[in-house]
$ cat input_0.cif   # mmCIF, C-alpha atoms
data_structure
#
loop_
_atom_site.label_atom_id
_atom_site.label_comp_id
_atom_site.auth_asym_id
_atom_site.auth_seq_id
_atom_site.Cartn_x
_atom_site.Cartn_y
_atom_site.Cartn_z
CA MET A 14 0.00 0.00 0.00
CA GLY A 15 2.87 2.38 0.77
CA LEU A 16 3.13 5.25 3.23
CA LEU A 17 0.74 7.59 1.40
CA GLY A 18 -1.86 4.84 1.11
CA SER A 19 -1.57 4.05 4.82
CA ILE A 20 -1.98 7.72 5.75
CA ARG A 21 -5.01 8.07 3.48
CA GLU A 22 -6.63 4.96 4.97
CA TYR A 23 -5.96 6.26 8.49
CA PHE A 24 -7.64 9.60 7.86
CA GLU A 25 -10.56 8.00 6.00
CA ARG A 26 -11.12 5.67 8.94
CA ARG A 27 -10.90 8.54 11.42
CA LYS A 28 -13.31 10.57 9.31
CA PHE A 29 -15.80 7.68 9.20
CA GLN A 30 -15.60 7.17 12.97
CA ARG A 31 -16.85 10.72 13.50
CA THR A 32 -19.99 10.27 11.38
CA VAL A 33 -23.48 9.89 12.85
CA PHE A 34 -23.76 6.50 11.11
CA ALA A 35 -20.55 5.22 12.72
CA GLN A 36 -21.73 6.37 16.14
CA ALA A 37 -25.07 4.63 15.60
CA LEU A 38 -23.26 1.39 14.70
CA LYS A 39 -21.10 1.74 17.81
CA LEU A 40 -24.13 2.14 20.06
CA HIS A 41 -25.86 -0.75 18.28
CA THR A 42 -22.85 -3.00 18.84
CA GLN A 43 -22.63 -1.97 22.48
CA GLU A 44 -26.29 -2.86 22.99
CA TYR A 45 -26.12 -6.28 21.35
CA LEU A 46 -22.65 -7.49 22.33
CA HIS A 47 -22.27 -5.88 25.76
CA GLY A 48 -25.75 -4.83 26.85
CA GLY A 49 -27.17 -7.98 28.38
CA THR A 50 -28.38 -9.93 25.34
CA VAL A 51 -27.42 -13.59 24.99
CA LEU A 52 -24.49 -12.44 22.82
CA SER A 53 -22.96 -10.66 25.82
CA SER A 54 -21.70 -14.00 27.12
CA VAL A 55 -19.72 -15.03 24.04
CA SER A 56 -15.94 -14.63 24.09
CA GLN A 57 -14.27 -11.32 23.27
CA GLU A 58 -12.62 -12.99 20.29
CA THR A 59 -16.01 -14.04 18.95
CA LYS A 60 -17.43 -10.55 19.47
CA GLU A 61 -14.54 -9.04 17.56
CA ARG A 62 -15.15 -11.50 14.74
CA PHE A 63 -18.81 -10.47 14.58
CA VAL A 64 -17.87 -6.78 14.42
CA GLN A 65 -15.23 -7.34 11.76
CA GLU A 66 -17.62 -9.37 9.64
CA LEU A 67 -20.33 -6.74 9.96
CA MET A 68 -18.06 -3.83 9.06
CA GLN A 69 -16.62 -5.69 6.08
CA ARG A 70 -20.06 -6.58 4.79
CA ILE A 71 -21.31 -3.00 5.18
CA ALA A 72 -18.22 -1.75 3.36
CA ASN A 73 -18.86 -4.26 0.56
CA CYS A 74 -22.47 -3.05 0.28
CA PHE A 75 -21.44 0.60 0.09
CA GLN A 76 -18.92 -0.25 -2.64
CA ALA A 77 -21.44 -2.28 -4.67
CA GLU A 78 -22.78 -1.05 -7.99
CA ASN A 79 -26.15 -0.50 -6.30
CA PRO A 80 -25.49 0.02 -2.57
CA ALA A 81 -29.17 0.34 -1.60
CA MET A 82 -30.07 -2.98 -3.20
CA ALA A 83 -27.00 -4.67 -1.69
CA VAL A 84 -28.12 -3.51 1.75
CA ARG A 85 -31.67 -4.69 1.08
CA GLU A 86 -30.33 -8.11 0.12
CA ALA A 87 -28.42 -8.33 3.41
CA ILE A 88 -31.50 -7.28 5.39
CA VAL A 89 -33.66 -9.90 3.68
CA GLU A 90 -31.04 -12.61 4.28
CA HIS A 91 -31.09 -12.01 8.02
CA VAL A 92 -34.84 -11.44 8.30
CA LEU A 93 -35.47 -14.81 6.66
CA GLY A 94 -32.98 -16.53 8.96
CA TYR A 95 -34.34 -14.77 12.02
CA ALA A 96 -38.02 -15.46 11.36
CA GLN A 97 -37.49 -19.17 10.80
CA LEU A 98 -35.86 -19.52 14.22
CA GLN A 99 -37.84 -16.94 16.16
CA VAL A 100 -41.17 -18.70 15.70
CA LEU A 101 -39.61 -21.83 17.23
CA CYS A 102 -38.29 -20.25 20.43
CA MET A 103 -40.56 -17.27 21.11
CA THR A 104 -42.90 -17.60 24.09
CA GLU A 105 -46.32 -16.00 24.44
CA GLU A 106 -44.92 -13.65 27.08
CA GLU A 107 -42.14 -12.56 24.74
CA LYS A 108 -44.57 -12.05 21.87
CA ALA A 109 -46.65 -9.76 24.08
CA GLN A 110 -43.65 -7.40 24.31
CA THR A 111 -43.08 -7.14 20.54
CA PHE A 112 -44.25 -4.62 17.96
CA TYR A 113 -46.36 -7.39 16.40
CA SER A 114 -48.09 -8.35 19.67
CA SER A 115 -51.57 -7.82 18.16
CA ASN A 116 -50.93 -10.03 15.12
CA PRO A 117 -53.22 -13.08 15.44
CA TYR A 118 -51.17 -15.12 12.94
CA ILE A 119 -48.11 -15.34 15.24
CA SER A 120 -48.70 -17.31 18.43
CA GLY A 121 -45.62 -17.70 20.60
CA GLN A 122 -46.77 -21.27 21.18
CA LEU A 123 -44.52 -23.30 18.87
CA CYS A 124 -41.81 -23.31 21.54
CA HIS A 125 -43.82 -26.08 23.22
CA GLN A 126 -43.29 -28.18 20.07
CA ILE A 127 -39.66 -27.23 19.48
CA GLU A 128 -38.27 -30.78 19.42
CA LEU A 129 -40.67 -31.76 16.65
CA ALA A 130 -40.42 -28.43 14.85
CA ALA A 131 -36.62 -28.59 14.88
CA GLU A 132 -36.72 -31.38 12.32
CA HIS A 133 -38.13 -28.92 9.76
CA VAL A 134 -35.44 -26.22 10.06
CA ASP A 135 -32.11 -27.45 8.67
CA GLU A 136 -29.66 -25.69 11.01
CA VAL A 137 -31.71 -26.60 14.09
CA ALA A 138 -32.15 -30.19 12.95
CA ARG A 139 -28.38 -30.44 12.43
CA PHE A 140 -27.67 -28.99 15.86
CA LYS A 141 -30.15 -31.37 17.47
CA TRP A 142 -28.56 -34.38 15.77
CA GLU A 143 -24.95 -33.38 16.44
CA SER A 144 -25.43 -32.51 20.12
CA GLU A 145 -28.40 -34.74 21.04
CA ALA A 146 -30.04 -31.54 22.24
CA ASN A 147 -33.08 -31.45 24.49
CA SER A 148 -35.83 -28.81 24.39
CA GLN A 149 -33.90 -26.28 26.50
CA ASP A 150 -30.76 -26.75 24.41
CA LEU A 151 -32.80 -26.07 21.28
CA MET A 152 -34.38 -22.97 22.83
CA ASP A 153 -30.95 -21.65 23.80
CA PHE A 154 -29.53 -22.37 20.35
CA CYS A 155 -32.42 -20.63 18.57
CA ASN A 156 -32.35 -17.63 20.90
CA THR A 157 -28.62 -17.16 20.35
CA ARG A 158 -28.92 -17.45 16.59
CA CYS A 159 -31.88 -15.04 16.62
CA ALA A 160 -29.84 -12.49 18.57
CA LEU A 161 -27.05 -12.73 16.00
CA HIS A 162 -29.48 -12.27 13.12
CA LEU A 163 -30.94 -9.25 14.93
CA TYR A 164 -27.49 -7.77 15.41
CA PHE A 165 -26.77 -7.98 11.70
CA MET A 166 -30.18 -7.10 10.29
CA ASN A 167 -30.65 -4.05 12.50
CA ALA A 168 -27.15 -2.85 11.62
CA PHE A 169 -27.95 -3.21 7.93
CA ASN A 170 -31.18 -1.34 8.59
CA LEU A 171 -29.10 1.53 9.95
CA ALA A 172 -27.08 1.37 6.74
CA ARG A 173 -30.32 1.49 4.74
CA MET A 174 -31.37 4.67 6.49
CA GLU A 175 -27.91 6.13 5.93
CA LEU A 176 -28.46 5.56 2.21
CA GLY A 177 -31.84 7.30 2.32
CA ASP A 178 -33.88 4.18 1.51
CA GLN A 179 -36.73 5.10 3.85
CA THR A 180 -40.50 5.28 3.55
CA ASP A 181 -43.37 6.47 5.73
CA PRO A 182 -44.70 4.21 7.07
CA ASP A 183 -41.49 2.26 6.84
CA TRP A 184 -41.30 -1.27 5.43
CA PHE A 185 -38.68 -2.85 7.71
CA ARG A 186 -40.89 -3.93 10.62
CA PRO A 187 -43.75 -5.08 8.35
CA LEU A 188 -41.19 -7.21 6.50
CA VAL A 189 -40.18 -8.93 9.74
CA GLU A 190 -43.79 -9.38 10.82
CA ALA A 191 -44.87 -10.76 7.45
CA GLN A 192 -42.09 -13.33 7.42
CA LEU A 193 -42.93 -14.45 10.96
CA VAL A 194 -46.53 -15.06 9.84
CA TYR A 195 -45.33 -17.18 6.95
CA GLU A 196 -42.82 -19.20 9.00
CA GLU A 197 -45.27 -19.82 11.85
CA ASN A 198 -47.88 -21.25 9.53
CA THR A 199 -45.34 -23.22 7.51
CA ILE A 200 -44.20 -25.02 10.66
CA ARG A 201 -47.80 -25.54 11.75
CA ASP A 202 -48.60 -27.05 8.36
CA LYS A 203 -45.63 -29.44 8.58
CA LEU A 204 -46.59 -30.50 12.12
CA ALA A 205 -50.26 -30.91 11.18
CA LEU A 206 -51.23 -28.24 13.73
CA PRO A 207 -54.16 -25.86 13.13
CA LEU A 208 -53.13 -22.97 10.90
CA LEU A 209 -53.60 -19.41 12.15
CA THR A 210 -54.16 -18.11 8.65
CA LYS A 211 -57.15 -19.34 6.67
CA ASP A 212 -54.92 -21.71 4.67
CA MET A 213 -51.37 -21.95 3.33
CA ILE A 214 -52.28 -19.90 0.27
CA GLU A 215 -53.04 -16.99 2.58
CA ALA A 216 -49.77 -17.62 4.46
CA LEU A 217 -47.90 -17.52 1.15
CA ALA A 218 -49.19 -14.00 0.54
CA TYR A 219 -47.13 -12.87 3.54
CA SER A 220 -43.98 -14.48 2.16
CA VAL A 221 -44.19 -12.23 -0.92
CA MET A 222 -43.24 -9.16 1.13
CA TRP A 223 -39.52 -9.93 0.85
CA ASN A 224 -39.86 -10.39 -2.91
CA LYS A 225 -41.19 -6.85 -3.14
CA VAL A 226 -38.21 -5.62 -1.14
CA MET A 227 -35.82 -7.40 -3.48
CA ALA A 228 -37.69 -6.21 -6.56
CA GLY A 229 -36.58 -2.70 -5.65
CA ASP A 230 -40.06 -1.33 -5.00
CA ALA A 231 -39.76 2.20 -3.60
CA ASN A 232 -42.23 1.30 -0.83
CA PRO A 233 -42.59 -2.50 -0.52
CA PHE A 234 -45.12 -2.22 2.31
CA TYR A 235 -47.39 0.02 0.25
CA GLU A 236 -47.13 -2.31 -2.75
CA TRP A 237 -47.91 -5.33 -0.57
CA CYS A 238 -50.98 -3.61 0.93
CA GLN A 239 -52.18 -2.66 -2.55
CA THR A 240 -51.83 -6.27 -3.71
CA TRP A 241 -53.55 -7.77 -0.65
CA PRO A 242 -55.84 -5.10 0.88
CA ASP A 243 -57.83 -7.85 2.61
CA LYS A 244 -54.81 -9.13 4.59
CA TYR A 245 -53.84 -7.85 8.04
CA LEU A 246 -50.27 -6.64 8.53
CA ALA A 247 -48.68 -4.04 10.82
CA GLY A 248 -52.01 -2.61 11.90
CA ARG A 249 -53.41 -2.29 8.38
CA GLY A 250 -56.09 -4.39 6.77
CA PRO A 251 -58.93 -6.24 8.49
CA LEU A 252 -58.38 -8.48 11.47
CA PRO A 253 -59.87 -11.97 11.10
CA THR A 254 -63.43 -12.34 12.35
CA ARG A 255 -63.16 -16.02 13.20
#
$ encode --input "input_0.cif" --output "structure tokens"
Amino acid sequence: MGLLGSIREYFERRKFQRTVFAQALKLHTQEYLHGGTVLSSVSQETKERFVQELMQRIANCFQAENPAMAVREAIVEHVLGYAQLQVLCMTEEEKAQTFYSSNPYISGQLCHQIELAAEHVDEVARFKWESEANSQDLMDFCNTRCALHLYFMNAFNLARMELGDQTDPDWFRPLVEAQLVYEENTIRDKLALPLLTKDMIEALAYSVMWNKVMAGDANPFYEWCQTWPDKYLAGRGPLPTR
């Protein structure tokens, strides 16, 4: 790189560290890795690896041909991973504290079936087989993985806002809520449990939200609501009467 290159990199890094975005990422990291979440207990080496991976991925997104779409892709990746695990380990008490607490299509009850449900989520099934995990082990595994997905997806959401990819009302939380609806009912269908949506076709409508994000729609939530005005999501649309 040479001396001049090293000096330039030093000042660019220092300049970045003084930005509002960098400070937001710092606070975000402090909250997730040192603020009492399940990630607080991992080793310092592991925490540093998480931070390095995050910063490298954000840098890659910002250097992409279309930074906004690269960030959206990263958000979707982690939302999909998070939702699949969250419906397995979330309790009813935890659901009551979420922004989607009023959504009737997410129950917080699948945790009682986690050993059976684990067989239908590849990474959980693998963990169960490799470690001969019991229900509590599976809950702990899913909660830890969920926390890691949250760390990454919320950081990428900060990057999205930094790039000006915002709407009012915003689409990020509806995306998470929609995917949780889909994953909950997918697991219920595989376990032959009663669906919370009318049927799996209705559940599939919720899975389309992430497609609208990846299609580059200016406001994916608006487009989703226009496509399915009869579906409930994020406080909009009719609640089920049954």
$ resolve_selection --input "input_0.cif" --expression "the PyMOL selection byres ((chain A and resi 246) around 8)" --output "PyMOL selection string"
chain A and resi 116+187+190-191+244-245+247-250
$ residues_near_point --input "input_0.cif" --point "(-40.1, -20.4, 26.3)" --cutoff "12 Å" --atoms "only C-alpha atoms" --output "list in words"
Gln99, Val100, Leu101, Cys102, Met103, Thr104, Glu105, Glu106, Glu107, Lys108, Gly121, Gln122, Leu123, Cys124, His125, Gln126, Ile127, Ser148, Gln149, Asp150, Leu151, Met152, Asp153, Cys155 and Asn156 of chain A
$ write_last_selection --input "input_0.cif" --atoms "C-alpha atoms" --output "PDB file, in the coordinates of the input"
ATOM      1  CA  GLN A  99     -37.840 -16.940  16.160  1.00  0.00           C
ATOM      2  CA  VAL A 100     -41.170 -18.700  15.700  1.00  0.00           C
ATOM      3  CA  LEU A 101     -39.610 -21.830  17.230  1.00  0.00           C
ATOM      4  CA  CYS A 102     -38.290 -20.250  20.430  1.00  0.00           C
ATOM      5  CA  MET A 103     -40.560 -17.270  21.110  1.00  0.00           C
ATOM      6  CA  THR A 104     -42.900 -17.600  24.090  1.00  0.00           C
ATOM      7  CA  GLU A 105     -46.320 -16.000  24.440  1.00  0.00           C
ATOM      8  CA  GLU A 106     -44.920 -13.650  27.080  1.00  0.00           C
ATOM      9  CA  GLU A 107     -42.140 -12.560  24.740  1.00  0.00           C
ATOM     10  CA  LYS A 108     -44.570 -12.050  21.870  1.00  0.00           C
ATOM     11  CA  GLY A 121     -45.620 -17.700  20.600  1.00  0.00           C
ATOM     12  CA  GLN A 122     -46.770 -21.270  21.180  1.00  0.00           C
ATOM     13  CA  LEU A 123     -44.520 -23.300  18.870  1.00  0.00           C
ATOM     14  CA  CYS A 124     -41.810 -23.310  21.540  1.00  0.00           C
ATOM     15  CA  HIS A 125     -43.820 -26.080  23.220  1.00  0.00           C
ATOM     16  CA  GLN A 126     -43.290 -28.180  20.070  1.00  0.00           C
ATOM     17  CA  ILE A 127     -39.660 -27.230  19.480  1.00  0.00           C
ATOM     18  CA  SER A 148     -35.830 -28.810  24.390  1.00  0.00           C
ATOM     19  CA  GLN A 149     -33.900 -26.280  26.500  1.00  0.00           C
ATOM     20  CA  ASP A 150     -30.760 -26.750  24.410  1.00  0.00           C
ATOM     21  CA  LEU A 151     -32.800 -26.070  21.280  1.00  0.00           C
ATOM     22  CA  MET A 152     -34.380 -22.970  22.830  1.00  0.00           C
ATOM     23  CA  ASP A 153     -30.950 -21.650  23.800  1.00  0.00           C
ATOM     24  CA  CYS A 155     -32.420 -20.630  18.570  1.00  0.00           C
ATOM     25  CA  ASN A 156     -32.350 -17.630  20.900  1.00  0.00           C
TER      26      ASN A 156
END
$ residues_around --input "input_0.cif" --residues "A:Glu196" --least-positions-apart "6" --cutoff "12 Å" --atoms "all atoms listed in the file" --output "PDB file with C-alpha atoms, keeping the file's coordinate frame"
ATOM      1  CA  VAL A  92     -34.840 -11.440   8.300  1.00  0.00           C
ATOM      2  CA  LEU A  93     -35.470 -14.810   6.660  1.00  0.00           C
ATOM      3  CA  GLY A  94     -32.980 -16.530   8.960  1.00  0.00           C
ATOM      4  CA  TYR A  95     -34.340 -14.770  12.020  1.00  0.00           C
ATOM      5  CA  ALA A  96     -38.020 -15.460  11.360  1.00  0.00           C
ATOM      6  CA  GLN A  97     -37.490 -19.170  10.800  1.00  0.00           C
ATOM      7  CA  LEU A  98     -35.860 -19.520  14.220  1.00  0.00           C
ATOM      8  CA  GLN A  99     -37.840 -16.940  16.160  1.00  0.00           C
ATOM      9  CA  VAL A 100     -41.170 -18.700  15.700  1.00  0.00           C
ATOM     10  CA  LEU A 101     -39.610 -21.830  17.230  1.00  0.00           C
ATOM     11  CA  TYR A 118     -51.170 -15.120  12.940  1.00  0.00           C
ATOM     12  CA  ILE A 119     -48.110 -15.340  15.240  1.00  0.00           C
ATOM     13  CA  SER A 120     -48.700 -17.310  18.430  1.00  0.00           C
ATOM     14  CA  LEU A 123     -44.520 -23.300  18.870  1.00  0.00           C
ATOM     15  CA  ALA A 130     -40.420 -28.430  14.850  1.00  0.00           C
ATOM     16  CA  HIS A 133     -38.130 -28.920   9.760  1.00  0.00           C
ATOM     17  CA  VAL A 134     -35.440 -26.220  10.060  1.00  0.00           C
ATOM     18  CA  VAL A 189     -40.180  -8.930   9.740  1.00  0.00           C
ATOM     19  CA  GLU A 190     -43.790  -9.380  10.820  1.00  0.00           C
ATOM     20  CA  ASP A 202     -48.600 -27.050   8.360  1.00  0.00           C
ATOM     21  CA  LYS A 203     -45.630 -29.440   8.580  1.00  0.00           C
ATOM     22  CA  LEU A 208     -53.130 -22.970  10.900  1.00  0.00           C
ATOM     23  CA  LEU A 209     -53.600 -19.410  12.150  1.00  0.00           C
ATOM     24  CA  THR A 210     -54.160 -18.110   8.650  1.00  0.00           C
ATOM     25  CA  MET A 213     -51.370 -21.950   3.330  1.00  0.00           C
ATOM     26  CA  ALA A 216     -49.770 -17.620   4.460  1.00  0.00           C
ATOM     27  CA  LEU A 217     -47.900 -17.520   1.150  1.00  0.00           C
ATOM     28  CA  ALA A 218     -49.190 -14.000   0.540  1.00  0.00           C
ATOM     29  CA  TYR A 219     -47.130 -12.870   3.540  1.00  0.00           C
ATOM     30  CA  SER A 220     -43.980 -14.480   2.160  1.00  0.00           C
TER      31      SER A 220
END
$ closest_residue --input "input_0.cif" --among "A:Gln36, A:Asn170, A:Gln43, A:Asn147" --to "A:Val64" --atoms "only C-alpha atoms"
A:Gln43
$ atom_distance --input "input_0.cif" --atom1 "atom CA of A:Phe112" --atom2 "atom CA of A:Asn224"
22.1 Å
$ atom_distance --input "input_0.cif" --atom1 "atom CA of A:Lys39" --atom2 "atom CA of A:His162"
17.0 Å
$ resolve_selection --input "input_0.cif" --expression "the PyMOL selection byres ((chain A and resi 178) around 12)" --output "compact mmCIF listing (two decimals) with C-alpha atoms, in the frame of the given file"
# COMPACT_ATOMS: atom_id res chain seq x y z
CA ASN A 79 -26.15 -0.50 -6.30
CA PRO A 80 -25.49 0.02 -2.57
CA ALA A 81 -29.17 0.34 -1.60
CA MET A 82 -30.07 -2.98 -3.20
CA ALA A 83 -27.00 -4.67 -1.69
CA VAL A 84 -28.12 -3.51 1.75
CA ARG A 85 -31.67 -4.69 1.08
CA PHE A 169 -27.95 -3.21 7.93
CA ASN A 170 -31.18 -1.34 8.59
CA LEU A 171 -29.10 1.53 9.95
CA ALA A 172 -27.08 1.37 6.74
CA ARG A 173 -30.32 1.49 4.74
CA MET A 174 -31.37 4.67 6.49
CA GLU A 175 -27.91 6.13 5.93
CA LEU A 176 -28.46 5.56 2.21
CA GLY A 177 -31.84 7.30 2.32
CA GLN A 179 -36.73 5.10 3.85
CA THR A 180 -40.50 5.28 3.55
CA ASP A 181 -43.37 6.47 5.73
CA ASP A 183 -41.49 2.26 6.84
CA TRP A 184 -41.30 -1.27 5.43
CA PHE A 185 -38.68 -2.85 7.71
CA VAL A 226 -38.21 -5.62 -1.14
CA GLY A 229 -36.58 -2.70 -5.65
CA ASP A 230 -40.06 -1.33 -5.00
CA ALA A 231 -39.76 2.20 -3.60
CA ASN A 232 -42.23 1.30 -0.83
CA PRO A 233 -42.59 -2.50 -0.52
$ axis_aligned_box --input "input_0.cif" --around "stretch 226-234 of chain A" --padding-each-side "4 Å" --output "AutoDock Vina command-line options"
--center_x -40.5 --center_y -2.6 --center_z -2.1 --size_x 17.3 --size_y 17.6 --size_z 16.9
$ atom_distance --input "input_0.cif" --atom1 "atom CA of A:Gln76" --atom2 "atom CA of A:Glu61"
22.5 Å
$ decode --input "input_0.cif" --residues "stretch 222-231 of chain A" --atoms "all heavy atoms" --output "CSV table (one decimal), in the first residue's frame"
chain,number,residue,atom,x,y,z
A,222,MET,N,-43.7,-10.5,0.7
A,222,MET,CA,-43.2,-9.2,1.1
A,222,MET,C,-41.8,-9.0,0.8
A,222,MET,O,-41.3,-8.0,0.3
A,222,MET,CB,-43.5,-9.0,2.6
A,222,MET,CG,-43.0,-7.7,3.2
A,222,MET,SD,-44.0,-6.3,2.6
A,222,MET,CE,-43.4,-5.0,3.8
A,223,TRP,N,-41.0,-10.0,1.1
A,223,TRP,CA,-39.5,-9.9,0.9
A,223,TRP,C,-39.2,-9.9,-0.6
A,223,TRP,O,-38.2,-9.2,-1.0
A,223,TRP,CB,-38.7,-11.0,1.6
A,223,TRP,CG,-38.8,-12.4,1.0
A,223,TRP,CD1,-39.7,-13.4,1.3
A,223,TRP,CD2,-38.0,-13.0,0.0
A,223,TRP,NE1,-39.4,-14.6,0.6
A,223,TRP,CE2,-38.4,-14.3,-0.3
A,223,TRP,CE3,-36.9,-12.5,-0.8
A,223,TRP,CZ2,-37.8,-15.1,-1.2
A,223,TRP,CZ3,-36.3,-13.3,-1.7
A,223,TRP,CH2,-36.7,-14.6,-1.9
A,224,ASN,N,-40.1,-10.5,-1.5
A,224,ASN,CA,-39.9,-10.4,-2.9
A,224,ASN,C,-40.0,-9.0,-3.4
A,224,ASN,O,-39.3,-8.5,-4.3
A,224,ASN,CB,-40.9,-11.3,-3.6
A,224,ASN,CG,-40.6,-12.8,-3.4
A,224,ASN,OD1,-41.3,-13.3,-2.5
A,224,ASN,ND2,-39.6,-13.4,-4.0
A,225,LYS,N,-41.0,-8.2,-2.8
A,225,LYS,CA,-41.2,-6.8,-3.1
A,225,LYS,C,-40.0,-6.0,-2.7
A,225,LYS,O,-39.7,-5.0,-3.4
A,225,LYS,CB,-42.5,-6.3,-2.6
A,225,LYS,CG,-43.7,-7.0,-3.2
A,225,LYS,CD,-45.0,-6.4,-2.8
A,225,LYS,CE,-46.2,-7.0,-3.5
A,225,LYS,NZ,-46.2,-6.7,-4.9
A,226,VAL,N,-39.4,-6.3,-1.6
A,226,VAL,CA,-38.2,-5.6,-1.1
A,226,VAL,C,-37.1,-5.8,-2.2
A,226,VAL,O,-36.4,-4.9,-2.6
A,226,VAL,CB,-37.8,-6.1,0.3
A,226,VAL,CG1,-36.4,-5.5,0.6
A,226,VAL,CG2,-38.8,-5.7,1.3
A,227,MET,N,-36.9,-7.1,-2.6
A,227,MET,CA,-35.8,-7.4,-3.5
A,227,MET,C,-36.1,-7.0,-4.9
A,227,MET,O,-35.2,-6.8,-5.7
A,227,MET,CB,-35.5,-8.9,-3.4
A,227,MET,CG,-35.0,-9.4,-2.1
A,227,MET,SD,-33.5,-8.5,-1.7
A,227,MET,CE,-32.4,-8.9,-3.1
A,228,ALA,N,-37.4,-6.7,-5.2
A,228,ALA,CA,-37.7,-6.2,-6.6
A,228,ALA,C,-37.3,-4.7,-6.7
A,228,ALA,O,-37.4,-4.2,-7.8
A,228,ALA,CB,-39.2,-6.4,-6.8
A,229,GLY,N,-37.0,-4.1,-5.6
A,229,GLY,CA,-36.6,-2.7,-5.6
A,229,GLY,C,-37.7,-1.7,-5.6
A,229,GLY,O,-37.6,-0.6,-5.9
A,230,ASP,N,-38.9,-2.2,-5.1
A,230,ASP,CA,-40.1,-1.3,-5.0
A,230,ASP,C,-39.7,-0.2,-4.1
A,230,ASP,O,-39.1,-0.4,-3.0
A,230,ASP,CB,-41.3,-2.1,-4.4
A,230,ASP,CG,-41.9,-3.1,-5.4
A,230,ASP,OD1,-41.4,-3.1,-6.6
A,230,ASP,OD2,-42.7,-3.8,-5.0
A,231,ALA,N,-40.1,1.0,-4.4
A,231,ALA,CA,-39.8,2.2,-3.6
A,231,ALA,C,-40.4,2.1,-2.2
A,231,ALA,O,-39.7,2.4,-1.2
A,231,ALA,CB,-40.3,3.5,-4.3
